[in-house]
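K.L.:
start.pdb is reproduced in full below (PDB, C-alpha atoms).
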```pdb
ATOM      1  CA  MET A 278       2.158 -12.226 -26.654  1.00  0.00           C
ATOM      2  CA  ARG A 279       1.366 -12.821 -22.994  1.00  0.00           C
ATOM      3  CA  ASP A 280      -1.546 -11.112 -21.302  1.00  0.00           C
ATOM      4  CA  ARG A 281      -0.671  -8.468 -18.750  1.00  0.00           C
ATOM      5  CA  PRO A 282      -1.270  -9.607 -15.156  1.00  0.00           C
ATOM      6  CA  LEU A 283      -4.462  -8.396 -13.519  1.00  0.00           C
ATOM      7  CA  THR A 284      -4.272  -6.295 -10.370  1.00  0.00           C
ATOM      8  CA  LEU A 285      -7.054  -7.272  -7.977  1.00  0.00           C
ATOM      9  CA  PRO A 286      -8.377  -5.528  -4.850  1.00  0.00           C
ATOM     10  CA  PRO A 287      -7.780  -7.192  -1.476  1.00  0.00           C
ATOM     11  CA  GLU A 288     -11.519  -7.125  -0.678  1.00  0.00           C
ATOM     12  CA  ILE A 289     -14.079  -8.226  -3.259  1.00  0.00           C
ATOM     13  CA  GLU A 290     -17.116  -9.334  -1.229  1.00  0.00           C
ATOM     14  CA  HIS A 291     -18.880 -11.132  -4.060  1.00  0.00           C
ATOM     15  CA  PRO A 292     -18.766 -14.943  -3.811  1.00  0.00           C
ATOM     16  CA  LEU A 293     -18.598 -15.789  -7.510  1.00  0.00           C
ATOM     17  CA  ILE A 294     -16.067 -13.088  -8.296  1.00  0.00           C
ATOM     18  CA  GLU A 295     -14.042 -14.007  -5.217  1.00  0.00           C
ATOM     19  CA  GLN A 296     -13.966 -17.616  -6.402  1.00  0.00           C
ATOM     20  CA  ALA A 297     -12.809 -16.649  -9.885  1.00  0.00           C
ATOM     21  CA  ALA A 298     -10.218 -14.250  -8.458  1.00  0.00           C
ATOM     22  CA  ALA A 299      -8.904 -16.871  -6.036  1.00  0.00           C
ATOM     23  CA  GLU A 300      -8.457 -19.347  -8.882  1.00  0.00           C
ATOM     24  CA  TYR A 301      -6.615 -16.772 -10.981  1.00  0.00           C
ATOM     25  CA  LEU A 302      -4.334 -15.773  -8.101  1.00  0.00           C
ATOM     26  CA  LYS A 303      -3.589 -19.400  -7.229  1.00  0.00           C
ATOM     27  CA  LEU A 304      -2.580 -20.218 -10.790  1.00  0.00           C
ATOM     28  CA  THR A 305      -0.475 -17.076 -11.183  1.00  0.00           C
ATOM     29  CA  GLY A 306       1.274 -17.994  -7.944  1.00  0.00           C
ATOM     30  CA  ASN A 307       1.930 -21.521  -9.214  1.00  0.00           C
ATOM     31  CA  LEU A 308       3.293 -20.098 -12.467  1.00  0.00           C
ATOM     32  CA  ALA A 309       5.612 -17.742 -10.599  1.00  0.00           C
ATOM     33  CA  ASP A 310       6.888 -20.641  -8.480  1.00  0.00           C
ATOM     34  CA  ALA A 311       7.505 -22.726 -11.600  1.00  0.00           C
ATOM     35  CA  GLN A 312       9.457 -19.898 -13.212  1.00  0.00           C
ATOM     36  CA  VAL A 313      11.652 -19.509 -10.130  1.00  0.00           C
ATOM     37  CA  LYS A 314      12.232 -23.267  -9.960  1.00  0.00           C
ATOM     38  CA  LEU A 315      13.054 -23.357 -13.682  1.00  0.00           C
ATOM     39  CA  ALA A 316      15.729 -20.699 -13.201  1.00  0.00           C
ATOM     40  CA  GLU A 317      17.200 -22.819 -10.400  1.00  0.00           C
ATOM     41  CA  LEU A 318      17.232 -25.889 -12.630  1.00  0.00           C
ATOM     42  CA  GLU A 319      18.963 -23.956 -15.406  1.00  0.00           C
ATOM     43  CA  GLU A 320      21.691 -22.965 -12.972  1.00  0.00           C
ATOM     44  CA  ASN A 321      21.932 -26.564 -11.768  1.00  0.00           C
ATOM     45  CA  ARG A 322      22.292 -27.705 -15.374  1.00  0.00           C
ATOM     46  CA  ARG A 323      25.287 -25.420 -15.848  1.00  0.00           C
ATOM     47  CA  ARG A 324      26.918 -27.013 -12.827  1.00  0.00           C
ATOM     48  CA  SER A 325      26.026 -30.471 -14.134  1.00  0.00           C
ATOM     49  CA  VAL A 326      27.631 -29.776 -17.522  1.00  0.00           C
ATOM     50  CA  ALA A 327      30.797 -28.618 -15.757  1.00  0.00           C
ATOM     51  CA  ALA A 328      30.787 -31.705 -13.530  1.00  0.00           C
ATOM     52  CA  ASP A 329      30.395 -34.076 -16.509  1.00  0.00           C
ATOM     53  CA  ARG A 330      33.189 -32.256 -18.309  1.00  0.00           C
ATOM     54  CA  GLU A 331      35.481 -32.686 -15.309  1.00  0.00           C
ATOM     55  CA  ALA A 332      34.610 -36.374 -15.132  1.00  0.00           C
ATOM     56  CA  HIS A 333      35.352 -36.779 -18.817  1.00  0.00           C
ATOM     57  CA  ALA A 334      38.715 -35.026 -18.416  1.00  0.00           C
ATOM     58  CA  THR A 335      39.604 -37.282 -15.489  1.00  0.00           C
ATOM     59  CA  ALA A 336      38.693 -40.356 -17.542  1.00  0.00           C
ATOM     60  CA  ILE A 337      40.873 -39.198 -20.435  1.00  0.00           C
ATOM     61  CA  ARG A 338      43.872 -38.730 -18.156  1.00  0.00           C
ATOM     62  CA  ALA A 339      43.286 -42.147 -16.610  1.00  0.00           C
ATOM     63  CA  GLY A 340      42.880 -43.814 -19.999  1.00  0.00           C
ATOM     64  CA  LYS A 341      39.312 -44.799 -19.244  1.00  0.00           C
ATOM     65  CA  PRO A 342      36.241 -44.663 -21.519  1.00  0.00           C
ATOM     66  CA  ASP A 343      34.048 -41.585 -21.820  1.00  0.00           C
ATOM     67  CA  PRO A 344      31.690 -41.618 -18.786  1.00  0.00           C
ATOM     68  CA  GLY A 345      29.024 -39.798 -20.760  1.00  0.00           C
ATOM     69  CA  GLU A 346      26.860 -36.976 -19.407  1.00  0.00           C
ATOM     70  CA  PRO A 347      24.736 -38.513 -16.653  1.00  0.00           C
ATOM     71  CA  LYS A 348      24.377 -35.335 -14.619  1.00  0.00           C
ATOM     72  CA  THR A 349      23.546 -33.213 -17.653  1.00  0.00           C
ATOM     73  CA  LYS A 350      20.954 -35.708 -18.902  1.00  0.00           C
ATOM     74  CA  LEU A 351      19.308 -35.790 -15.473  1.00  0.00           C
ATOM     75  CA  ALA A 352      19.212 -31.991 -15.360  1.00  0.00           C
ATOM     76  CA  ASP A 353      17.780 -31.852 -18.879  1.00  0.00           C
ATOM     77  CA  ALA A 354      15.060 -34.307 -17.927  1.00  0.00           C
ATOM     78  CA  GLU A 355      14.080 -32.213 -14.896  1.00  0.00           C
ATOM     79  CA  ILE A 356      13.990 -29.055 -17.002  1.00  0.00           C
ATOM     80  CA  LEU A 357      11.877 -30.760 -19.664  1.00  0.00           C
ATOM     81  CA  VAL A 358       9.267 -31.835 -17.107  1.00  0.00           C
ATOM     82  CA  LEU A 359       9.118 -28.466 -15.397  1.00  0.00           C
ATOM     83  CA  ASN A 360       9.094 -26.524 -18.651  1.00  0.00           C
ATOM     84  CA  ARG A 361       6.112 -28.566 -19.815  1.00  0.00           C
ATOM     85  CA  ARG A 362       4.316 -27.724 -16.562  1.00  0.00           C
ATOM     86  CA  ARG A 363       5.198 -24.035 -16.947  1.00  0.00           C
ATOM     87  CA  GLU A 364       3.723 -23.916 -20.435  1.00  0.00           C
ATOM     88  CA  ALA A 365       0.541 -25.609 -19.220  1.00  0.00           C
ATOM     89  CA  LEU A 366       0.306 -23.167 -16.321  1.00  0.00           C
ATOM     90  CA  GLU A 367       0.565 -20.240 -18.737  1.00  0.00           C
ATOM     91  CA  VAL A 368      -2.440 -21.619 -20.618  1.00  0.00           C
ATOM     92  CA  ALA A 369      -4.322 -22.192 -17.352  1.00  0.00           C
ATOM     93  CA  VAL A 370      -3.609 -18.642 -16.187  1.00  0.00           C
ATOM     94  CA  GLY A 371      -4.943 -17.281 -19.480  1.00  0.00           C
ATOM     95  CA  GLN A 372      -8.114 -19.350 -19.108  1.00  0.00           C
ATOM     96  CA  ALA A 373      -8.637 -18.195 -15.512  1.00  0.00           C
ATOM     97  CA  ARG A 374      -7.995 -14.598 -16.544  1.00  0.00           C
ATOM     98  CA  ARG A 375     -10.675 -14.686 -19.222  1.00  0.00           C
ATOM     99  CA  GLU A 376     -13.137 -16.392 -16.859  1.00  0.00           C
ATOM    100  CA  LEU A 377     -12.518 -13.736 -14.201  1.00  0.00           C
ATOM    101  CA  ILE A 378     -13.109 -10.910 -16.662  1.00  0.00           C
ATOM    102  CA  THR A 379     -16.317 -12.582 -17.869  1.00  0.00           C
ATOM    103  CA  THR A 380     -17.534 -13.150 -14.285  1.00  0.00           C
ATOM    104  CA  VAL A 381     -16.964  -9.520 -13.349  1.00  0.00           C
ATOM    105  CA  GLY A 382     -18.879  -8.403 -16.438  1.00  0.00           C
ATOM    106  CA  GLU A 383     -21.820 -10.697 -15.706  1.00  0.00           C
ATOM    107  CA  HIS A 384     -22.192  -9.586 -12.083  1.00  0.00           C
ATOM    108  CA  ARG A 385     -21.034  -5.986 -12.359  1.00  0.00           C
ATOM    109  CA  ALA A 386     -24.418  -4.342 -11.661  1.00  0.00           C
ATOM    110  CA  ALA A 387     -25.139  -6.310  -8.481  1.00  0.00           C
ATOM    111  CA  TRP A 388     -21.551  -5.988  -7.298  1.00  0.00           C
ATOM    112  CA  GLN A 389     -21.649  -2.238  -7.846  1.00  0.00           C
ATOM    113  CA  LYS A 390     -24.604  -1.948  -5.461  1.00  0.00           C
ATOM    114  CA  THR A 391     -22.723  -3.906  -2.808  1.00  0.00           C
ATOM    115  CA  ILE A 392     -19.673  -1.698  -3.247  1.00  0.00           C
ATOM    116  CA  ALA A 393     -21.793   1.457  -2.945  1.00  0.00           C
ATOM    117  CA  LYS A 394     -23.270   0.244   0.348  1.00  0.00           C
ATOM    118  CA  ARG A 395     -19.821  -0.630   1.666  1.00  0.00           C
ATOM    119  CA  ARG A 396     -18.494   2.772   0.663  1.00  0.00           C
ATOM    120  CA  ALA A 397     -21.309   4.522   2.526  1.00  0.00           C
ATOM    121  CA  GLN A 398     -20.554   2.474   5.631  1.00  0.00           C
ATOM    122  CA  ARG A 399     -16.822   3.194   5.424  1.00  0.00           C
ATOM    123  CA  GLN A 400     -17.490   6.899   4.870  1.00  0.00           C
ATOM    124  CA  GLU A 401     -19.576   6.980   8.029  1.00  0.00           C
ATOM    125  CA  GLN A 402     -16.855   5.175   9.967  1.00  0.00           C
ATOM    126  CA  ALA A 403     -14.202   7.547   8.638  1.00  0.00           C
ATOM    127  CA  ALA A 404     -16.299  10.610   9.495  1.00  0.00           C
ATOM    128  CA  THR A 405     -16.770   9.351  13.050  1.00  0.00           C
ATOM    129  CA  ALA A 406     -13.054   8.646  13.401  1.00  0.00           C
ATOM    130  CA  LEU A 407     -12.250  12.112  12.044  1.00  0.00           C
ATOM    131  CA  GLU A 408     -14.489  13.785  14.613  1.00  0.00           C
ATOM    132  CA  GLN A 409     -12.836  11.734  17.331  1.00  0.00           C
ATOM    133  CA  LEU A 410      -9.443  12.821  16.034  1.00  0.00           C
ATOM    134  CA  THR A 411     -10.597  16.448  16.027  1.00  0.00           C
ATOM    135  CA  ALA A 412     -11.678  16.202  19.655  1.00  0.00           C
ATOM    136  CA  ALA A 413      -8.432  14.452  20.630  1.00  0.00           C
ATOM    137  CA  LEU A 414      -6.307  17.110  18.921  1.00  0.00           C
ATOM    138  CA  ASP A 415      -8.364  19.815  20.583  1.00  0.00           C
ATOM    139  CA  ALA A 416      -7.671  18.281  23.977  1.00  0.00           C
ATOM    140  CA  LEU A 417      -3.990  17.882  23.135  1.00  0.00           C
ATOM    141  CA  ALA A 418      -3.756  21.521  22.057  1.00  0.00           C
ATOM    142  CA  SER A 419      -5.259  22.561  25.371  1.00  0.00           C
ATOM    143  CA  ALA A 420      -2.797  20.407  27.319  1.00  0.00           C
ATOM    144  CA  VAL A 421       0.175  21.746  25.343  1.00  0.00           C
ATOM    145  CA  GLY A 422      -1.046  25.296  25.875  1.00  0.00           C
ATOM    146  CA  LEU A 423      -1.342  24.737  29.600  1.00  0.00           C
ATOM    147  CA  GLU A 424       2.136  23.228  29.755  1.00  0.00           C
ATOM    148  CA  ASP A 425       3.631  26.190  27.879  1.00  0.00           C
ATOM    149  CA  TRP A 426       1.734  28.658  30.046  1.00  0.00           C
ATOM    150  CA  LEU A 427       2.958  27.060  33.262  1.00  0.00           C
ATOM    151  CA  GLU A 428       6.565  27.066  32.079  1.00  0.00           C
ATOM    152  CA  THR A 429       6.413  30.764  31.210  1.00  0.00           C
ATOM    153  CA  PHE A 430       4.433  31.656  34.327  1.00  0.00           C
ATOM    154  CA  THR A 431       7.029  29.996  36.561  1.00  0.00           C
ATOM    155  CA  ALA A 432       9.781  32.180  35.108  1.00  0.00           C
ATOM    156  CA  THR A 433       7.931  35.451  34.409  1.00  0.00           C
ATOM    157  CA  PRO A 434       4.277  35.424  35.487  1.00  0.00           C
ATOM    158  CA  GLU A 435       3.447  38.707  33.772  1.00  0.00           C
ATOM    159  CA  ARG A 436       4.522  37.318  30.358  1.00  0.00           C
ATOM    160  CA  ALA A 437       2.493  34.099  30.552  1.00  0.00           C
ATOM    161  CA  LEU A 438      -0.162  33.972  27.829  1.00  0.00           C
ATOM    162  CA  TRP A 439      -2.651  31.236  27.082  1.00  0.00           C
ATOM    163  CA  HIS A 440      -2.298  30.348  23.417  1.00  0.00           C
ATOM    164  CA  PRO A 441      -2.793  26.709  22.429  1.00  0.00           C
ATOM    165  CA  SER A 442      -2.899  28.064  18.866  1.00  0.00           C
ATOM    166  CA  ARG A 443       0.884  27.710  18.732  1.00  0.00           C
ATOM    167  CA  PHE A 444       0.480  23.941  18.818  1.00  0.00           C
ATOM    168  CA  ALA A 445      -2.183  23.839  16.099  1.00  0.00           C
ATOM    169  CA  SER A 446      -0.906  26.535  13.764  1.00  0.00           C
ATOM    170  CA  ARG A 447       1.995  24.536  12.362  1.00  0.00           C
ATOM    171  CA  VAL A 448       2.153  20.824  11.513  1.00  0.00           C
ATOM    172  CA  PRO A 449       5.787  19.706  11.098  1.00  0.00           C
ATOM    173  CA  GLY A 450       6.552  18.139   7.726  1.00  0.00           C
ATOM    174  CA  VAL A 451       3.278  19.243   6.080  1.00  0.00           C
ATOM    175  CA  THR A 452       3.966  22.294   3.948  1.00  0.00           C
ATOM    176  CA  SER A 453       2.451  24.084   0.975  1.00  0.00           C
ATOM    177  CA  PRO A 454       4.315  24.443  -2.338  1.00  0.00           C
ATOM    178  CA  ASN A 455       5.716  27.771  -1.162  1.00  0.00           C
ATOM    179  CA  GLY A 456       7.081  26.176   2.008  1.00  0.00           C
ATOM    180  CA  ASP A 457       4.586  27.584   4.521  1.00  0.00           C
ATOM    181  CA  PRO A 458       3.254  25.051   7.024  1.00  0.00           C
ATOM    182  CA  TYR A 459      -0.368  24.009   7.143  1.00  0.00           C
ATOM    183  CA  GLY A 460      -2.334  24.204  10.362  1.00  0.00           C
ATOM    184  CA  VAL A 461      -4.296  21.446  12.045  1.00  0.00           C
ATOM    185  CA  SER A 462      -7.612  23.060  11.123  1.00  0.00           C
ATOM    186  CA  GLU A 463      -6.704  23.106   7.421  1.00  0.00           C
ATOM    187  CA  ILE A 464      -5.631  19.484   7.407  1.00  0.00           C
ATOM    188  CA  LEU A 465      -8.816  18.446   9.186  1.00  0.00           C
ATOM    189  CA  ALA A 466     -10.888  20.451   6.693  1.00  0.00           C
ATOM    190  CA  ALA A 467      -9.095  18.719   3.822  1.00  0.00           C
ATOM    191  CA  LEU A 468      -9.705  15.315   5.390  1.00  0.00           C
ATOM    192  CA  ARG A 469     -13.405  16.130   5.763  1.00  0.00           C
ATOM    193  CA  THR A 470     -13.549  16.971   2.064  1.00  0.00           C
ATOM    194  CA  LEU A 471     -11.814  13.673   1.302  1.00  0.00           C
ATOM    195  CA  VAL A 472     -14.180  11.657   3.496  1.00  0.00           C
ATOM    196  CA  ASP A 473     -17.350  13.402   2.331  1.00  0.00           C
ATOM    197  CA  PRO A 474     -16.649  15.206  -0.964  1.00  0.00           C
ATOM    198  CA  PRO A 475     -19.185  17.787  -2.128  1.00  0.00           C
ATOM    199  CA  ALA A 476     -21.472  16.950  -5.028  1.00  0.00           C
ATOM    200  CA  SER A 477     -19.811  19.539  -7.229  1.00  0.00           C
ATOM    201  CA  LYS A 478     -16.153  19.587  -8.164  1.00  0.00           C
ATOM    202  CA  PRO A 479     -14.180  19.903  -4.910  1.00  0.00           C
ATOM    203  CA  ALA A 480     -11.944  22.869  -4.330  1.00  0.00           C
ATOM    204  CA  PRO A 481      -8.195  22.195  -4.124  1.00  0.00           C
ATOM    205  CA  LEU A 482      -7.272  20.795  -0.729  1.00  0.00           C
ATOM    206  CA  LEU A 483      -4.969  22.559   1.688  1.00  0.00           C
ATOM    207  CA  HIS A 484      -4.626  25.705  -0.359  1.00  0.00           C
ATOM    208  CA  HIS A 485      -4.502  28.396   2.359  1.00  0.00           C
ATOM    209  CA  PRO A 486      -1.443  27.888   4.598  1.00  0.00           C
ATOM    210  CA  VAL A 487      -1.545  29.606   7.953  1.00  0.00           C
ATOM    211  CA  ALA A 488       1.649  30.836   9.550  1.00  0.00           C
ATOM    212  CA  ALA A 489       2.005  30.891  13.317  1.00  0.00           C
ATOM    213  CA  PRO A 490       1.353  34.363  14.751  1.00  0.00           C
ATOM    214  CA  SER A 491       4.467  36.128  16.011  1.00  0.00           C
ATOM    215  CA  ASP A 492       2.723  37.540  19.073  1.00  0.00           C
ATOM    216  CA  PRO A 493      -0.647  35.840  19.567  1.00  0.00           C
ATOM    217  CA  ALA A 494      -3.192  37.550  21.750  1.00  0.00           C
ATOM    218  CA  PRO A 495      -4.256  35.653  24.880  1.00  0.00           C
ATOM    219  CA  THR A 496      -7.533  33.771  24.700  1.00  0.00           C
ATOM    220  CA  ALA A 497      -9.828  32.316  27.279  1.00  0.00           C
ATOM    221  CA  PRO A 498      -8.743  28.856  28.502  1.00  0.00           C
ATOM    222  CA  SER A 499     -12.018  27.294  27.308  1.00  0.00           C
ATOM    223  CA  LYS A 500     -11.422  28.121  23.631  1.00  0.00           C
ATOM    224  CA  SER A 501      -9.038  25.975  21.535  1.00  0.00           C
ATOM    225  CA  LEU A 502      -7.884  26.419  17.972  1.00  0.00           C
ATOM    226  CA  VAL A 503      -9.001  23.032  16.749  1.00  0.00           C
ATOM    227  CA  LYS A 504     -12.654  23.625  17.662  1.00  0.00           C
ATOM    228  CA  ALA A 505     -12.601  27.267  16.736  1.00  0.00           C
ATOM    229  CA  ALA A 506     -11.217  26.448  13.278  1.00  0.00           C
TER     230      ALA A 506
END
```
As a first step, turn the structure in this file into structure tokens.
P.N.:
Amino acid sequence: MRDRPLTLPPEIEHPLIEQAAAEYLKLTGNLADAQVKLAELEENRRRSVAADREAHATAIRAGKPDPGEPKTKLADAEILVLNRRREALEVAVGQARRELITTVGEHRAAWQKTIAKRRAQRQEQAATALEQLTAALDALASAVGLEDWLETFTATPERALWHPSRFASRVPGVTSPNGDPYGVSEILAALRTLVDPPASKPAPLLHHPVAAPSDPAPTAPSKSLVKAA
């Protein structure tokens, strides 16, 4: 019974484990190539058998001796060589697999510390990016609100209201199980929980959908939904 292939992360950042992983991946790649090539040779052998059969039939009709099976024998020889390599590669992959598992076990504690440091760094980067996104969405909401206000004001000045909340209250394509749309503030709150989860069990994300108000009250131009939420 063959061992199941190992799924490895794209970033390992531990020299000995990286070396063992690279060896395993190289050998599994070589084995996959050999298997593809073997399938091609098997198909070529079928064509070779047919070609030798045709040659034999032609010789019979011409009263000539049996030409033998030169193409088939050549194909068989190629398959024999490649099949031997495939079998050896399977053994090599198994050896590399066991060595990788052993290497990870031997260096797990030190590697875990490195991973924890990297996670903290990536969390900080993600939190910074999320705050930048929040500010950018806040500015976009303000610009959309101003654009909507100007369009309404041009037609009927007395009906023009400043409400950037319309932009942030519904996010197209992001809906709750009951079909109500989520707002920008809820999605940002969920992303903050994802980036920096609380120590206790986190509450379900995105569980309070907010529908757009039918007749929102005007707000001061300096207040935007994204910051207020």
K.L.:
Set out as CSV a contact list for segment 403-435 of chain A and segment 460-466 of chain A with a cut-off of 9 Å, giving each residue of segment 403-435 of chain A that qualifies its closest atom pair and distance in Å to one decimal, counting all atoms listed in the file, ordered by chain and rising residue number.
P.N.:
```
residue,atom,partner,partner_atom,distance
A:Leu407,CA,A:Leu465,CA,7.8
A:Leu410,CA,A:Leu465,CA,8.9
A:Thr411,CA,A:Leu465,CA,7.3
A:Leu414,CA,A:Val461,CA,8.4
```
K.L.:
Fewer than 3 positions away in the same chain doesn't count, so skip those; otherwise give me all residues within 9 Å of segment 311-323 of chain A, counting all atoms listed in the file, as a VMD selection string.
P.N.:
chain A and resid 306 to 308 326 to 328 348 to 353 355 to 356 359 to 360 362 to 363 366
K.L.:
Could those selected residues go to a file with C-alpha atoms, as a PDB file, keeping the file's coordinate frame?
P.N.:
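Final output, result14.pdb:
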```
ATOM      1  CA  GLY A 306       1.274 -17.994  -7.944  1.00  0.00           C
ATOM      2  CA  ASN A 307       1.930 -21.521  -9.214  1.00  0.00           C
ATOM      3  CA  LEU A 308       3.293 -20.098 -12.467  1.00  0.00           C
ATOM      4  CA  VAL A 326      27.631 -29.776 -17.522  1.00  0.00           C
ATOM      5  CA  ALA A 327      30.797 -28.618 -15.757  1.00  0.00           C
ATOM      6  CA  ALA A 328      30.787 -31.705 -13.530  1.00  0.00           C
ATOM      7  CA  LYS A 348      24.377 -35.335 -14.619  1.00  0.00           C
ATOM      8  CA  THR A 349      23.546 -33.213 -17.653  1.00  0.00           C
ATOM      9  CA  LYS A 350      20.954 -35.708 -18.902  1.00  0.00           C
ATOM     10  CA  LEU A 351      19.308 -35.790 -15.473  1.00  0.00           C
ATOM     11  CA  ALA A 352      19.212 -31.991 -15.360  1.00  0.00           C
ATOM     12  CA  ASP A 353      17.780 -31.852 -18.879  1.00  0.00           C
ATOM     13  CA  GLU A 355      14.080 -32.213 -14.896  1.00  0.00           C
ATOM     14  CA  ILE A 356      13.990 -29.055 -17.002  1.00  0.00           C
ATOM     15  CA  LEU A 359       9.118 -28.466 -15.397  1.00  0.00           C
ATOM     16  CA  ASN A 360       9.094 -26.524 -18.651  1.00  0.00           C
ATOM     17  CA  ARG A 362       4.316 -27.724 -16.562  1.00  0.00           C
ATOM     18  CA  ARG A 363       5.198 -24.035 -16.947  1.00  0.00           C
ATOM     19  CA  LEU A 366       0.306 -23.167 -16.321  1.00  0.00           C
TER      20      LEU A 366
END
```
K.L.:
Decode the PyMOL selection byres ((chain A and resi 298-302) around 8) for the given file into explicit residues and return them as a PyMOL selection string.
P.N.:
chain A and resi 285+294-297+303-306+370+373-374+377
K.L.:
Using C-alpha atoms, can you write the selected residues to a file as a compact mmCIF listing (two decimals), keeping the file's coordinate frame?
P.N.:
```txt
# COMPACT_ATOMS: atom_id res chain seq x y z
CA LEU A 285 -7.05 -7.27 -7.98
CA ILE A 294 -16.07 -13.09 -8.30
CA GLU A 295 -14.04 -14.01 -5.22
CA GLN A 296 -13.97 -17.62 -6.40
CA ALA A 297 -12.81 -16.65 -9.88
CA LYS A 303 -3.59 -19.40 -7.23
CA LEU A 304 -2.58 -20.22 -10.79
CA THR A 305 -0.48 -17.08 -11.18
CA GLY A 306 1.27 -17.99 -7.94
CA VAL A 370 -3.61 -18.64 -16.19
CA ALA A 373 -8.64 -18.20 -15.51
CA ARG A 374 -8.00 -14.60 -16.54
CA LEU A 377 -12.52 -13.74 -14.20
```
K.L.:
What is the atom CA of Ala416 of chain A to atom CA of Pro458 of chain A distance in Å?
P.N.:
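Going from atom CA of Ala416 of chain A over to atom CA of Pro458 of chain A covers 21.3 Å.
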K.L.:
Between atom CA of Ile392 of chain A and atom CA of His291 of chain A, what distance in Å does the model show, to one decimal?
P.N.:
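Going from atom CA of Ile392 of chain A over to atom CA of His291 of chain A covers 9.5 Å.
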